[in-house]
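**Student:** So that you have it, the file is protein_13.csv, and it contains CSV, C-alpha atoms:
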```csv
chain,number,residue,atom,x,y,z
A,1,MET,CA,98.9,110.9,144.3
A,2,THR,CA,101.8,110.6,142.0
A,3,LEU,CA,101.6,111.0,138.2
A,4,LEU,CA,102.7,107.3,137.9
A,5,ALA,CA,99.8,106.2,140.0
A,6,LEU,CA,97.3,108.2,137.9
A,7,VAL,CA,98.8,106.7,134.7
A,8,LEU,CA,98.5,103.2,136.1
A,9,ILE,CA,94.9,103.8,137.2
A,10,LEU,CA,94.0,105.0,133.7
A,11,LEU,CA,95.9,102.1,132.1
A,12,ALA,CA,94.0,99.6,134.3
A,13,LEU,CA,90.7,101.2,133.2
A,14,VAL,CA,91.6,101.4,129.5
A,15,THR,CA,92.8,97.8,129.3
A,16,PHE,CA,89.7,96.6,131.2
A,17,VAL,CA,87.3,98.4,128.8
A,18,ALA,CA,89.3,97.3,125.7
A,19,GLY,CA,89.2,93.7,127.0
A,20,GLN,CA,85.5,93.8,127.4
A,21,ILE,CA,85.0,95.2,123.9
A,22,PHE,CA,87.2,92.5,122.4
A,23,LEU,CA,85.4,89.7,124.2
A,24,LYS,CA,82.0,91.1,123.1
A,25,HIS,CA,83.2,91.5,119.5
A,26,ALA,CA,84.5,87.9,119.5
A,27,MET,CA,81.4,86.3,121.1
A,28,GLU,CA,79.0,88.3,119.0
A,29,SER,CA,80.6,87.1,115.7
A,30,THR,CA,80.0,83.5,116.7
A,31,THR,CA,76.3,84.0,116.2
A,32,GLN,CA,76.9,84.6,112.5
A,33,THR,CA,76.7,81.4,110.4
A,34,ASP,CA,79.9,81.9,108.5
A,35,PHE,CA,82.2,83.1,111.2
A,36,GLN,CA,85.9,82.5,111.1
A,37,LYS,CA,87.2,80.4,114.0
A,38,SER,CA,90.7,81.9,113.9
A,39,SER,CA,89.6,85.5,114.1
A,40,VAL,CA,87.2,84.7,117.0
A,41,ALA,CA,90.2,83.0,118.8
A,42,VAL,CA,92.5,86.0,118.2
A,43,ARG,CA,89.9,88.4,119.6
A,44,LEU,CA,89.1,86.2,122.6
A,45,GLY,CA,92.9,85.9,123.2
A,46,ALA,CA,93.3,89.7,123.0
A,47,GLY,CA,90.4,90.2,125.3
A,48,ILE,CA,91.7,87.8,127.9
A,49,LEU,CA,95.2,89.2,127.6
A,50,LEU,CA,93.9,92.8,128.2
A,51,MET,CA,91.8,91.7,131.2
A,52,THR,CA,94.9,89.9,132.6
A,53,ILE,CA,97.0,93.1,132.2
A,54,SER,CA,94.3,95.1,133.9
A,55,PHE,CA,94.1,92.6,136.7
A,56,PHE,CA,97.8,92.7,137.5
A,57,ILE,CA,98.0,96.5,137.3
A,58,THR,CA,95.0,96.7,139.8
A,59,LEU,CA,96.7,94.1,142.0
A,60,GLY,CA,99.8,96.3,142.1
A,61,LEU,CA,97.8,99.4,142.8
A,62,LEU,CA,95.9,97.7,145.6
A,63,GLN,CA,99.2,97.2,147.4
A,64,ARG,CA,99.7,100.9,147.5
A,65,PHE,CA,96.2,102.4,147.8
A,66,ASP,CA,93.0,101.7,149.7
A,67,LEU,CA,90.3,99.8,147.8
A,68,SER,CA,87.9,102.6,148.6
A,69,TYR,CA,90.2,105.0,146.8
A,70,LEU,CA,90.5,102.8,143.7
A,71,TYR,CA,86.9,101.5,143.4
A,72,PRO,CA,85.3,104.8,142.1
A,73,PHE,CA,87.6,104.5,139.1
A,74,GLN,CA,86.3,101.0,138.4
A,75,GLY,CA,82.8,102.5,138.7
A,76,LEU,CA,83.6,104.8,135.8
A,77,SER,CA,84.0,101.6,133.6
A,78,VAL,CA,80.2,101.4,133.4
A,79,LEU,CA,79.9,104.8,131.7
A,80,ILE,CA,83.0,104.3,129.5
A,81,ILE,CA,82.0,100.8,128.3
A,82,SER,CA,78.5,102.1,127.4
A,83,LEU,CA,80.0,104.9,125.4
A,84,ILE,CA,82.7,102.9,123.7
A,85,ALA,CA,80.3,100.1,122.8
A,86,ALA,CA,78.0,102.6,121.1
A,87,LEU,CA,80.9,104.2,119.2
A,88,VAL,CA,83.0,101.1,118.3
A,89,LEU,CA,80.4,98.3,118.2
A,90,LYS,CA,77.6,100.6,116.9
A,91,GLU,CA,75.3,99.5,119.7
A,92,LYS,CA,72.2,101.5,120.3
A,93,LEU,CA,72.6,103.9,123.2
A,94,SER,CA,69.3,105.4,124.3
A,95,TRP,CA,69.1,108.4,126.8
A,96,GLN,CA,67.5,105.9,129.3
A,97,LEU,CA,70.6,103.7,129.1
A,98,MET,CA,72.9,106.7,129.4
A,99,ILE,CA,71.2,108.1,132.5
A,100,GLY,CA,71.1,104.6,134.0
A,101,ALA,CA,74.8,104.2,133.5
A,102,LEU,CA,75.4,107.7,135.0
A,103,LEU,CA,73.3,106.8,138.1
A,104,ILE,CA,75.1,103.5,138.6
A,105,THR,CA,78.5,105.2,138.3
A,106,ALA,CA,77.5,107.9,140.8
A,107,GLY,CA,76.1,105.3,143.2
A,108,VAL,CA,79.4,103.2,143.0
A,109,VAL,CA,81.4,106.4,143.7
A,110,LEU,CA,79.2,107.2,146.7
A,111,VAL,CA,79.4,103.6,148.1
A,112,SER,CA,83.2,103.5,147.9
A,113,MET,CA,83.6,107.0,149.4
A,114,SER,CA,81.9,106.1,152.7
B,1,MET,CA,59.1,103.6,123.6
B,2,SER,CA,59.3,104.6,120.0
B,3,PRO,CA,58.6,101.9,117.3
B,4,ARG,CA,62.3,101.8,116.5
B,5,ASP,CA,63.2,101.2,120.1
B,6,TRP,CA,60.6,98.5,120.3
B,7,HIS,CA,62.0,96.6,117.3
B,8,TYR,CA,65.5,96.8,118.8
B,9,TRP,CA,64.4,95.3,122.1
B,10,LEU,CA,62.1,92.8,120.4
B,11,ASP,CA,65.1,91.5,118.4
B,12,MET,CA,67.1,91.2,121.6
B,13,THR,CA,64.5,89.3,123.6
B,14,SER,CA,62.9,87.0,121.0
B,15,ASN,CA,66.0,85.8,119.0
B,16,ARG,CA,67.5,84.0,121.9
B,17,PRO,CA,67.6,80.5,123.4
B,18,SER,CA,65.2,79.7,126.2
B,19,GLY,CA,65.4,77.6,129.4
B,20,PHE,CA,68.9,77.3,130.9
B,21,ALA,CA,70.4,78.8,127.8
B,22,ASN,CA,68.5,82.0,128.2
B,23,PRO,CA,71.1,84.7,128.3
B,24,TRP,CA,69.3,86.7,130.9
B,25,LEU,CA,69.3,83.7,133.2
B,26,GLN,CA,73.0,83.3,132.4
B,27,LEU,CA,73.6,87.0,133.3
B,28,ALA,CA,72.0,86.3,136.7
B,29,LEU,CA,74.1,83.2,137.2
B,30,SER,CA,77.2,85.1,136.4
B,31,VAL,CA,76.4,87.8,138.9
B,32,LEU,CA,75.5,85.3,141.6
B,33,CYS,CA,78.7,83.5,141.1
B,34,VAL,CA,80.7,86.7,141.4
B,35,LEU,CA,78.7,87.6,144.6
B,36,ALA,CA,79.3,84.2,146.2
B,37,SER,CA,83.0,84.2,145.2
B,38,GLU,CA,83.6,87.6,146.8
B,39,LEU,CA,82.0,86.4,150.1
B,40,LEU,CA,84.0,83.1,150.0
B,41,LEU,CA,87.2,85.0,149.3
B,42,LYS,CA,86.7,87.3,152.3
B,43,ARG,CA,85.9,84.3,154.5
B,44,GLY,CA,88.8,82.3,153.2
B,45,ALA,CA,91.3,85.1,153.4
B,46,THR,CA,90.2,85.8,157.0
B,47,GLU,CA,90.4,82.1,157.9
B,48,VAL,CA,94.1,81.8,156.9
B,49,ALA,CA,95.2,85.4,157.7
B,50,ASP,CA,98.8,85.5,158.8
B,51,PRO,CA,99.7,89.3,159.2
B,52,ASN,CA,103.2,88.5,160.5
B,53,SER,CA,104.3,86.7,157.4
B,54,ALA,CA,105.8,88.8,154.6
B,55,LEU,CA,104.7,86.3,152.0
B,56,SER,CA,101.0,86.9,153.0
B,57,TRP,CA,101.2,90.3,151.1
B,58,THR,CA,101.2,88.4,147.8
B,59,GLY,CA,97.9,86.7,148.8
B,60,ILE,CA,99.5,83.3,147.9
B,61,ASN,CA,98.9,81.9,151.4
B,62,GLY,CA,95.2,82.3,150.6
B,63,LEU,CA,95.5,79.1,148.5
B,64,THR,CA,95.7,77.0,151.7
B,65,SER,CA,92.0,77.8,152.3
B,66,SER,CA,89.5,75.5,150.6
B,67,LEU,CA,87.0,78.4,150.6
B,68,VAL,CA,89.4,80.3,148.3
B,69,TRP,CA,89.5,77.4,145.9
B,70,TRP,CA,85.7,77.3,145.8
B,71,ALA,CA,85.8,81.0,145.0
B,72,ILE,CA,88.2,80.4,142.1
B,73,LEU,CA,85.9,77.8,140.7
B,74,LEU,CA,83.0,80.3,140.9
B,75,VAL,CA,85.0,83.0,139.2
B,76,ILE,CA,85.7,80.6,136.3
B,77,VAL,CA,81.9,79.7,136.0
B,78,SER,CA,81.0,83.4,136.1
B,79,PHE,CA,83.5,84.1,133.3
B,80,ALA,CA,82.1,81.3,131.1
B,81,SER,CA,78.5,82.5,131.6
B,82,TRP,CA,79.6,86.1,131.0
B,83,LEU,CA,81.1,85.1,127.6
B,84,TYR,CA,77.8,83.4,126.8
B,85,VAL,CA,75.8,86.6,127.8
B,86,LEU,CA,78.0,88.6,125.4
B,87,LYS,CA,76.9,86.5,122.5
B,88,TYR,CA,73.3,87.8,122.8
B,89,ILE,CA,73.0,90.9,124.9
B,90,PRO,CA,74.5,94.3,123.9
B,91,LEU,CA,77.3,95.6,126.2
B,92,THR,CA,75.4,98.8,126.8
B,93,VAL,CA,72.8,96.7,128.6
B,94,ALA,CA,74.7,93.7,129.9
B,95,PHE,CA,77.6,95.5,131.5
B,96,PRO,CA,75.5,98.1,133.5
B,97,LEU,CA,73.2,95.3,134.7
B,98,SER,CA,76.2,93.2,135.8
B,99,ARG,CA,77.0,96.0,138.3
B,100,VAL,CA,74.1,94.8,140.4
B,101,VAL,CA,77.0,93.1,142.3
B,102,ASP,CA,77.9,96.6,143.6
B,103,VAL,CA,74.6,96.5,145.5
B,104,LEU,CA,74.5,92.8,146.4
B,105,VAL,CA,78.0,92.6,147.8
B,106,PRO,CA,77.6,95.4,150.5
B,107,ILE,CA,74.0,94.1,151.4
B,108,SER,CA,75.3,90.5,151.8
B,109,CYS,CA,78.3,91.8,153.9
B,110,TRP,CA,75.7,93.5,156.1
B,111,LEU,CA,73.4,90.4,156.3
B,112,LEU,CA,75.9,87.6,156.3
B,113,LEU,CA,79.2,89.0,157.6
B,114,GLY,CA,77.8,91.5,160.1
B,115,GLU,CA,79.6,94.5,158.5
B,116,ILE,CA,78.1,97.9,159.0
B,117,ILE,CA,76.7,100.1,156.2
B,118,SER,CA,76.9,103.9,156.7
B,119,VAL,CA,74.0,106.3,155.7
B,120,ARG,CA,76.1,107.6,152.8
B,121,ARG,CA,76.7,104.1,151.5
B,122,TRP,CA,72.9,103.3,151.7
B,123,CYS,CA,72.4,106.4,149.5
B,124,GLY,CA,75.0,105.1,147.0
B,125,ILE,CA,73.2,101.7,146.9
B,126,ALA,CA,69.9,103.5,146.3
B,127,LEU,CA,71.5,105.4,143.3
B,128,VAL,CA,72.8,102.2,141.8
B,129,ILE,CA,69.4,100.5,142.1
B,130,ALA,CA,67.7,103.5,140.4
B,131,GLY,CA,70.3,103.3,137.5
B,132,LEU,CA,69.7,99.5,137.2
B,133,ALA,CA,66.0,100.0,137.1
B,134,LEU,CA,66.4,102.5,134.2
B,135,VAL,CA,68.6,100.1,132.2
B,136,ALA,CA,66.3,97.1,132.9
B,137,LYS,CA,62.9,98.7,132.3
B,138,PRO,CA,62.7,98.4,128.5
B,139,VAL,CA,63.7,94.7,128.7
B,140,ALA,CA,61.2,94.0,131.5
B,141,GLU,CA,58.4,95.7,129.6
B,142,LEU,CA,59.0,93.6,126.5
B,143,GLU,CA,59.4,90.3,128.4
B,144,GLU,CA,55.9,91.0,129.7
B,145,LYS,CA,54.5,91.5,126.3
B,146,LEU,CA,56.0,88.4,124.8
```
Would you write out, as structure tokens, the structure that this file holds?

**Tutor:**
Amino acid sequence: MTLLALVLILLALVTFVAGQIFLKHAMESTTQTDFQKSSVAVRLGAGILLMTISFFITLGLLQRFDLSYLYPFQGLSVLIISLIAALVLKEKLSWQLMIGALLITAGVVLVSMS
Amino acid sequence: MSPRDWHYWLDMTSNRPSGFANPWLQLALSVLCVLASELLLKRGATEVADPNSALSWTGINGLTSSLVWWAILLVIVSFASWLYVLKYIPLTVAFPLSRVVDVLVPISCWLLLGEIISVRRWCGIALVIAGLALVAKPVAELEEKL
């Protein structure tokens, strides 16, 4: 694997995770009574843009690598999203959720390796 | 569960709309739409496969299959219900649970498309199910009490 491929795989992962965080942040703020429509729209837009970038980077990678090679990296998103959501969005992360996310990631890696 | 945990989960399960607007139901809907779309995409792509054409590498010829269009519709529905889920359920719970598709897709491929699952893959599926159970347990316990 070349360095460029590694960078692209990481970039696809980072943009996917950041996209989900933006979408969550946007949707969550709509439950408040005095939310600002414009800031929700900006965050939703940023989320959708980031997801789109991730989608096209993945599409490009899929033309060069097997899905079974790329899929374990997508499995990592479970773990990373849980950690980032706890850090950035101040969501509660119990040990039970953490081990659950770890098991799911390990399972996805195993499924795509066979 | 500690009392602090209990209040956290209580807040999440009681302060939410019921019936079709129930976010847990919407999460299930989102997952099922993704599952159906993956199967339709595979069927659709196989249906119109044209390995000799260079254009087929872009996947654009897939659009000639009506199954692919149904899949696109389902992807849009799943995205809409996912946005709704994000309004009510924390990402640390909703996102891991959404990965139930990683179990449902291979099992459906086995049942419906006649694909073969290796022993190692079954082990991976079992691990994912164990992880899902851990994430879902506190929610299920609370739903029972309510």

**Student:** Tell me as a PyMOL selection string which residues belonging to chain A come within 6 Å of chain B, counting all atoms listed in the file.

**Tutor:** chain A and resi 24+27-28+78+82+97+100+103-104+107+110-111+114

**Student:** With a distance cut-off of 7 Å and only C-alpha atoms, select the neighbouring residues of Val40 in chain A, excluding the residue or stretch itself and same-chain residues fewer than 4 positions from it, and output the selection as a ChimeraX atom specification.

**Tutor:** /A:26,36,44

**Student:** Any idea what the distance is between CA of Leu25 in chain B and CA of Leu74 in chain B?

**Tutor:** 16.1 Å

**Student:** Using all atoms listed in the file, can you list as a list in words the residues within 12 Å of (87.4, 81.4, 153.5)?

**Tutor:** Ala36, Ser37, Glu38, Leu39, Leu40, Leu41, Lys42, Arg43, Gly44, Ala45, Thr46, Glu47, Val48, Ala49, Asn61, Gly62, Leu63, Thr64, Ser65, Ser66, Leu67, Val68, Trp69, Trp70, Ala71, Ile72 and Leu113 of chain B

**Student:** Go ahead and dump the residues you just picked, C-alpha atoms, as an mmCIF file, in the coordinates of the input.

**Tutor:**
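Below is the file out12.cif, written as the result:
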```cif
data_model
loop_
_atom_site.group_PDB
_atom_site.id
_atom_site.type_symbol
_atom_site.label_atom_id
_atom_site.label_comp_id
_atom_site.auth_asym_id
_atom_site.auth_seq_id
_atom_site.Cartn_x
_atom_site.Cartn_y
_atom_site.Cartn_z
ATOM 1 C CA ALA B 36 79.300 84.200 146.200
ATOM 2 C CA SER B 37 83.000 84.200 145.200
ATOM 3 C CA GLU B 38 83.600 87.600 146.800
ATOM 4 C CA LEU B 39 82.000 86.400 150.100
ATOM 5 C CA LEU B 40 84.000 83.100 150.000
ATOM 6 C CA LEU B 41 87.200 85.000 149.300
ATOM 7 C CA LYS B 42 86.700 87.300 152.300
ATOM 8 C CA ARG B 43 85.900 84.300 154.500
ATOM 9 C CA GLY B 44 88.800 82.300 153.200
ATOM 10 C CA ALA B 45 91.300 85.100 153.400
ATOM 11 C CA THR B 46 90.200 85.800 157.000
ATOM 12 C CA GLU B 47 90.400 82.100 157.900
ATOM 13 C CA VAL B 48 94.100 81.800 156.900
ATOM 14 C CA ALA B 49 95.200 85.400 157.700
ATOM 15 C CA ASN B 61 98.900 81.900 151.400
ATOM 16 C CA GLY B 62 95.200 82.300 150.600
ATOM 17 C CA LEU B 63 95.500 79.100 148.500
ATOM 18 C CA THR B 64 95.700 77.000 151.700
ATOM 19 C CA SER B 65 92.000 77.800 152.300
ATOM 20 C CA SER B 66 89.500 75.500 150.600
ATOM 21 C CA LEU B 67 87.000 78.400 150.600
ATOM 22 C CA VAL B 68 89.400 80.300 148.300
ATOM 23 C CA TRP B 69 89.500 77.400 145.900
ATOM 24 C CA TRP B 70 85.700 77.300 145.800
ATOM 25 C CA ALA B 71 85.800 81.000 145.000
ATOM 26 C CA ILE B 72 88.200 80.400 142.100
ATOM 27 C CA LEU B 113 79.200 89.000 157.600
#
```

**Student:** CA of Leu27 in chain B and CA of Ala101 in chain A are how many Å apart?

**Tutor:**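 Between CA of Leu27 in chain B and CA of Ala101 in chain A the gap is 17.2 Å.
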
**Student:** Name the residues in contact with Met51 in chain A at a cut-off of 7 Å, using only C-alpha atoms, excluding same-chain residues fewer than 6 positions from it; report them as a compact mmCIF listing (two decimals) with C-alpha atoms, in the frame of the given file.

**Tutor:**
```txt
# COMPACT_ATOMS: atom_id res chain seq x y z
CA THR A 15 92.80 97.80 129.30
CA PHE A 16 89.70 96.60 131.20
CA GLY A 19 89.20 93.70 127.00
```
